[in-house]
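Structure file entry.cif; described as mmCIF, C-alpha atoms and all ligand atoms.
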data_entry
loop_
_atom_site.label_atom_id
_atom_site.label_comp_id
_atom_site.auth_asym_id
_atom_site.auth_seq_id
_atom_site.Cartn_x
_atom_site.Cartn_y
_atom_site.Cartn_z
CA MET Y 2 -3.28 33.00 18.22
CA PRO Y 3 -4.76 30.07 16.30
CA GLU Y 4 -6.80 27.85 18.63
CA GLY Y 5 -7.48 24.12 18.44
CA ASP Y 6 -10.31 24.48 15.93
CA THR Y 7 -8.07 26.43 13.50
CA ILE Y 8 -5.37 23.75 13.74
CA ALA Y 9 -7.95 20.98 13.24
CA TYR Y 10 -9.32 22.88 10.23
CA ALA Y 11 -5.80 22.99 8.75
CA ALA Y 12 -5.38 19.24 9.35
CA ASN Y 13 -8.76 18.59 7.73
CA ARG Y 14 -7.56 20.42 4.62
CA ILE Y 15 -4.06 18.89 4.57
CA ARG Y 16 -5.31 15.29 4.98
CA PRO Y 17 -6.99 14.83 1.56
CA VAL Y 18 -3.91 16.26 -0.21
CA LEU Y 19 -1.17 14.30 1.58
CA GLU Y 20 -2.55 11.28 3.40
CA GLY Y 21 -1.61 7.97 1.81
CA ARG Y 22 0.77 9.46 -0.75
CA VAL Y 23 4.43 10.34 -1.24
CA PRO Y 24 4.77 14.10 -1.85
CA ASP Y 25 6.03 14.84 -5.36
CA GLU Y 26 8.30 17.59 -4.09
CA ILE Y 27 9.45 18.92 -0.70
CA LEU Y 28 11.09 22.35 -0.33
CA THR Y 29 12.36 24.34 2.66
CA PRO Y 30 12.65 27.92 1.28
CA HIS Y 31 13.33 29.62 4.63
CA PRO Y 32 17.07 29.57 5.55
CA ARG Y 33 16.25 28.46 9.09
CA HIS Y 34 15.87 24.81 8.09
CA ALA Y 35 18.32 24.73 5.18
CA LEU Y 36 20.77 22.49 7.09
CA ASP Y 37 18.16 20.06 8.40
CA ARG Y 38 18.01 18.18 5.08
CA TRP Y 39 14.28 17.51 5.52
CA PRO Y 40 13.66 17.03 1.77
CA SER Y 41 16.22 14.20 1.61
CA ARG Y 42 15.22 12.67 4.96
CA LEU Y 43 11.56 12.56 3.89
CA ALA Y 44 12.16 11.61 0.25
CA GLY Y 45 10.15 8.60 -0.87
CA ARG Y 46 8.16 8.35 2.38
CA ALA Y 47 4.38 8.30 2.28
CA VAL Y 48 2.28 10.35 4.71
CA ARG Y 49 0.51 7.88 7.00
CA SER Y 50 -1.73 10.33 8.83
CA VAL Y 51 -2.33 13.94 9.80
CA ASP Y 52 -3.63 14.61 13.30
CA THR Y 53 -3.78 17.25 16.01
CA HIS Y 54 -3.74 17.60 19.77
CA GLY Y 55 -4.84 21.05 20.93
CA LYS Y 56 -2.71 23.57 19.05
CA HIS Y 57 -0.15 20.96 17.90
CA LEU Y 58 -0.26 19.42 14.43
CA PHE Y 59 1.47 16.18 13.43
CA ILE Y 60 2.17 14.89 9.91
CA ARG Y 61 3.24 11.25 10.35
CA PHE Y 62 5.41 9.60 7.69
CA ASP Y 63 6.32 6.01 6.95
CA GLY Y 64 9.45 5.01 8.83
CA ASP Y 65 8.43 6.63 12.14
CA LEU Y 66 9.21 10.23 11.27
CA VAL Y 67 6.82 12.94 12.41
CA LEU Y 68 6.72 16.59 11.39
CA HIS Y 69 5.45 18.47 14.46
CA SER Y 70 4.32 22.10 14.39
CA HIS Y 71 3.04 24.73 16.78
CA LEU Y 72 1.94 27.95 15.09
CA GLY Y 73 2.25 30.27 18.10
CA MET Y 74 0.99 33.78 17.32
CA VAL Y 75 2.29 34.09 13.76
CA GLY Y 76 2.44 30.68 12.08
CA LEU Y 77 0.11 29.50 9.32
CA TRP Y 78 -0.64 26.22 7.55
CA GLY Y 79 -2.18 26.64 4.12
CA VAL Y 80 -3.32 24.43 1.26
CA TYR Y 81 -3.14 25.98 -2.20
CA GLY Y 82 -4.18 25.16 -5.75
CA PRO Y 83 -2.00 25.08 -8.88
CA GLY Y 84 1.04 27.37 -9.13
CA ARG Y 85 3.45 28.30 -6.38
CA PHE Y 86 1.01 28.84 -3.47
CA GLY Y 87 -2.03 29.17 -5.72
CA SER Y 88 -3.18 32.35 -7.43
CA ARG Y 89 -2.89 34.65 -4.38
CA PRO Y 90 -0.11 33.56 -1.99
CA PRO Y 91 -0.90 34.85 1.54
CA ARG Y 92 2.78 35.39 2.40
CA SER Y 93 6.03 35.53 0.47
CA ALA Y 94 7.69 32.23 -0.49
CA ARG Y 95 10.77 33.13 1.59
CA ARG Y 96 8.66 32.87 4.72
CA ALA Y 97 7.67 29.28 3.95
CA TRP Y 98 9.38 26.86 6.34
CA ILE Y 99 8.25 23.79 4.41
CA VAL Y 100 6.33 23.14 1.19
CA PHE Y 101 4.86 19.78 0.15
CA ARG Y 102 3.68 19.53 -3.43
CA ALA Y 103 1.32 16.68 -4.26
CA GLY Y 104 -0.15 16.78 -7.78
CA ASP Y 105 -1.34 20.34 -8.35
CA HIS Y 106 -1.74 21.15 -4.66
CA GLU Y 107 0.76 22.59 -2.22
CA VAL Y 108 0.70 22.32 1.56
CA VAL Y 109 2.76 25.10 3.15
CA GLU Y 110 3.79 26.05 6.68
CA PHE Y 111 4.78 29.73 7.12
CA ASP Y 112 6.62 31.55 9.93
CA GLY Y 113 6.85 28.83 12.60
CA PRO Y 114 7.61 29.34 15.43
CA LEU Y 115 7.97 25.58 15.98
CA LEU Y 116 8.48 23.10 13.19
CA GLU Y 117 10.55 20.01 13.86
CA LEU Y 118 11.09 16.57 12.39
CA ILE Y 119 11.19 14.02 15.19
CA THR Y 120 10.78 10.28 15.64
CA GLU Y 121 7.48 8.70 16.62
CA GLY Y 122 9.12 7.61 19.90
CA ARG Y 123 10.04 11.16 20.80
CA THR Y 124 6.47 12.37 20.38
CA ARG Y 125 5.52 9.97 23.19
CA PHE Y 126 8.29 11.04 25.58
CA ASP Y 127 8.52 14.74 24.76
CA GLN Y 128 7.93 16.65 28.01
CA ARG Y 129 5.96 19.46 26.37
CA LEU Y 130 3.64 17.03 24.62
CA ALA Y 131 3.26 14.73 27.62
CA ALA Y 132 2.26 17.72 29.76
CA LEU Y 133 -0.65 18.68 27.50
CA GLY Y 134 -4.12 18.40 28.97
CA PRO Y 135 -6.93 16.48 27.25
CA ASP Y 136 -7.73 17.66 23.73
CA VAL Y 137 -10.96 19.67 23.76
CA LEU Y 138 -11.67 18.43 20.21
CA ALA Y 139 -11.11 14.71 20.89
CA ALA Y 140 -13.94 12.44 19.73
CA GLN Y 141 -14.34 11.44 23.40
CA PHE Y 142 -13.39 14.38 25.63
CA ASP Y 143 -11.61 13.12 28.77
CA THR Y 144 -13.69 14.97 31.36
CA GLY Y 145 -12.05 13.13 34.26
CA ARG Y 146 -8.56 14.22 33.28
CA PHE Y 147 -9.76 17.78 32.59
CA LEU Y 148 -11.18 18.03 36.13
CA ARG Y 149 -8.12 16.38 37.71
CA ARG Y 150 -5.78 18.87 36.05
CA LEU Y 151 -7.93 21.83 37.18
CA HIS Y 152 -8.15 20.46 40.75
CA GLU Y 153 -4.32 20.31 40.82
CA ASP Y 154 -4.02 23.93 39.65
CA ASP Y 155 -3.82 26.98 41.97
CA PRO Y 156 -7.37 27.45 43.37
CA THR Y 157 -6.89 31.23 43.56
CA ARG Y 158 -6.12 31.47 39.84
CA PRO Y 159 -8.84 33.25 37.83
CA LEU Y 160 -10.91 30.74 35.86
CA GLY Y 161 -10.30 32.44 32.50
CA ASP Y 162 -6.54 32.24 32.99
CA ALA Y 163 -6.67 28.54 34.00
CA LEU Y 164 -8.67 27.67 30.88
CA LEU Y 165 -5.90 29.10 28.66
CA ASP Y 166 -3.30 26.84 30.29
CA GLN Y 167 -2.70 24.02 27.80
CA ARG Y 168 -1.76 21.67 30.69
CA ASN Y 169 -5.38 21.87 31.88
CA VAL Y 170 -7.10 21.53 28.53
CA ALA Y 171 -5.44 21.58 25.11
CA GLY Y 172 -6.91 23.64 22.29
CA ILE Y 173 -8.83 26.38 24.09
CA GLY Y 174 -7.46 29.88 23.43
CA ASN Y 175 -8.69 33.38 24.06
CA ILE Y 176 -11.80 33.20 21.84
CA TRP Y 177 -13.13 29.91 23.19
CA LYS Y 178 -12.29 30.77 26.79
CA ALA Y 179 -14.57 33.83 26.52
CA GLU Y 180 -17.27 32.03 24.54
CA GLY Y 181 -17.26 28.98 26.85
CA CYS Y 182 -17.59 31.03 30.03
CA TRP Y 183 -20.43 33.01 28.44
CA GLU Y 184 -22.25 29.88 27.22
CA ALA Y 185 -22.05 28.34 30.70
CA GLY Y 186 -23.01 31.63 32.41
CA VAL Y 187 -19.83 31.60 34.50
CA ASP Y 188 -17.78 34.72 35.32
CA PRO Y 189 -14.19 34.22 34.02
CA TRP Y 190 -12.85 36.30 36.93
CA ARG Y 191 -13.98 33.83 39.59
CA ALA Y 192 -11.25 31.98 41.47
CA LEU Y 193 -10.84 28.49 40.04
CA GLY Y 194 -11.45 26.89 43.46
CA SER Y 195 -14.96 28.42 43.64
CA VAL Y 196 -16.07 26.94 40.30
CA SER Y 197 -17.97 23.65 40.56
CA ASP Y 198 -17.15 20.56 38.50
CA SER Y 199 -20.49 20.83 36.72
CA GLU Y 200 -19.73 24.44 35.76
CA LEU Y 201 -16.29 23.43 34.45
CA VAL Y 202 -17.72 20.56 32.42
CA ALA Y 203 -20.48 22.85 31.09
CA ILE Y 204 -17.82 25.24 29.72
CA ALA Y 205 -15.99 22.46 27.85
CA GLU Y 206 -19.19 20.86 26.58
CA ALA Y 207 -20.48 24.24 25.35
CA VAL Y 208 -17.42 25.01 23.22
CA ARG Y 209 -16.88 21.52 21.77
CA PRO Y 210 -19.71 21.53 19.19
CA ARG Y 211 -18.93 25.11 18.16
CA MET Y 212 -15.21 24.34 17.80
CA LEU Y 213 -15.95 21.16 15.84
CA ARG Y 214 -18.14 23.20 13.48
CA SER Y 215 -15.31 25.70 12.98
CA ALA Y 216 -12.83 22.82 12.42
CA THR Y 217 -15.00 21.66 9.52
CA ALA Y 218 -16.34 24.92 8.09
CA GLY Y 219 -13.51 27.31 8.99
CA HIS Y 220 -13.33 30.51 10.97
CA ARG Y 221 -16.48 32.01 9.48
CA ALA Y 222 -18.50 29.49 11.46
CA ILE Y 223 -17.41 30.90 14.84
CA GLN Y 224 -20.00 33.73 15.15
CA PRO Y 225 -18.87 35.00 18.56
CA LYS Y 226 -21.42 35.90 21.22
CA VAL Y 227 -19.06 38.04 23.36
CA TYR Y 228 -15.51 37.74 22.00
CA GLY Y 229 -14.43 41.04 20.40
CA LEU Y 230 -17.83 42.60 21.16
CA SER Y 231 -16.98 44.93 24.05
CA GLY Y 232 -19.73 47.52 24.68
CA ARG Y 233 -22.31 45.63 22.61
CA PRO Y 234 -25.47 44.11 24.14
CA CYS Y 235 -25.24 40.58 25.50
CA PRO Y 236 -27.28 38.26 23.22
CA ARG Y 237 -28.77 36.57 26.31
CA CYS Y 238 -29.70 39.38 28.71
CA GLY Y 239 -29.04 42.65 26.86
CA GLY Y 240 -26.39 43.69 29.42
CA ARG Y 241 -23.29 45.49 28.20
CA ILE Y 242 -20.38 43.19 27.27
CA ALA Y 243 -17.20 44.12 29.17
CA SER Y 244 -13.54 43.48 28.35
CA ARG Y 245 -10.30 43.58 30.35
CA GLY Y 246 -6.80 42.05 30.20
CA GLN Y 247 -6.42 38.90 32.29
CA GLY Y 248 -3.59 36.67 33.47
CA ASP Y 249 0.19 36.86 33.13
CA ALA Y 250 -0.06 37.38 29.37
CA ASN Y 251 -2.78 40.05 29.86
CA ARG Y 252 -4.99 38.46 27.20
CA THR Y 253 -8.22 40.43 26.82
CA THR Y 254 -11.20 38.60 28.21
CA TYR Y 255 -14.80 39.41 27.23
CA TRP Y 256 -17.80 38.71 29.43
CA CYS Y 257 -21.25 39.89 30.44
CA PRO Y 258 -21.14 41.12 34.06
CA ARG Y 259 -24.95 40.93 34.27
CA CYS Y 260 -25.58 37.27 33.46
CA GLN Y 261 -22.23 35.54 34.06
CA LYS Y 262 -22.08 34.68 37.77
ZN ZN F 1 -25.71 38.75 29.67
#
Structure rendered as structure tokens:
Amino acid sequence: MPEGDTIAYAANRIRPVLEGRVPDEILTPHPRHALDRWPSRLAGRAVRSVDTHGKHLFIRFDGDLVLHSHLGMVGLWGVYGPGRFGSRPPRSARRAWIVFRAGDHEVVEFDGPLLELITEGRTRFDQRLAALGPDVLAAQFDTGRFLRRLHEDDPTRPLGDALLDQRNVAGIGNIWKAEGCWEAGVDPWRALGSVSDSELVAIAEAVRPRMLRSATAGHRAIQPKVYGLSGRPCPRCGGRIASRGQGDANRTTYWCPRCQK
């Protein structure tokens, strides 16, 4: 599933194409949104800004309309050069939920699962959005709110599972959960209540610069230390990296049992 850095990377690529201009053309090729009349509702409106909160992306238009997306497991935002989706489209045009053409660039959202056009007011009162924890990629990370949310969570919950909960912190997914716990030397299987505030803050502070780098340079910049490296030696202590499914969704967690305490 795309994590906060992937969404921020998409926003960083969309912004120079759309921000401050009226798209030349808007299409909704997928039948799902054929009746929503987005092209006519957005016609003539300039894009004011493109921003993100955790895994949510917002394209804000003049006249208080906001296109809000969540990519879930399968969605994709892409920016392509001349021609319909550039020279090598990643997915078929039928799977595109929305296409914005601006000059010789196209901004495309494929495969959802959530794409909606809402008013600016609704973004402030939407329950799902209001429930989100502080954005791990915010210029100023709200450490106080991060700790408050974790203190309110079930203290018996395994740390790794709590870090994936977007109500505690928005933007961390399976990769950064594993990498953050490794960086801070904390075992992701510990009960949340046994993890100190300084350990929790260390996890968030460790992933922020790495996620910000990935948001600018793309996925290649991630260079995982433990994620996806089960059975390989730990880069810190040489111990063998372990992996096991964790939490209700049974997402695989990676950690070094020797140096993560
Ligand atoms: Zn180790």
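Based on all atoms listed in the file, the protein and nucleic acid residues found within 10 Å of ligand ZN 1 (chain F) are, by chain and then by number, Y:Trp183, Y:Glu184, Y:Gly186, Y:Lys226, Y:Val227, Y:Pro234, Y:Cys235, Y:Pro236, Y:Arg237, Y:Cys238, Y:Gly239, Y:Gly240, Y:Arg241, Y:Ile242, Y:Trp256, Y:Cys257, Y:Pro258, Y:Arg259, Y:Cys260, Y:Gln261, Y:Lys262.
Residue nearest Y:Ile99, chosen from Y:Leu28, Y:Ala207, Y:Leu138, Y:Ile173 and counting only C-alpha atoms: Y:Leu28.
Excluding Y:Asp162 and any residue on its chain fewer than 4 positions from it, the residues at most 9 Å away by only C-alpha atoms are Y:Arg158, Y:Asp166, Y:Lys178, Y:Pro189, Y:Trp190, Y:Gln247, Y:Gly248, Y:Asp249, Y:Arg252.
Shortest atom-to-atom contact with Y:Thr124 among Y:Leu151, Y:Val67, Y:Ala97, Y:Leu213: Y:Val67, counting only C-alpha atoms.
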Would you mind reading off the distance between atom CA of Y:Asn251 and atom CA of Y:Glu200, one decimal, in Å? 23.8 Å
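Minimum distance to Y:Gly64 across Y:His220, Y:Arg214, Y:Arg85, Y:Arg42 (counting only C-alpha atoms) occurs at Y:Arg42.
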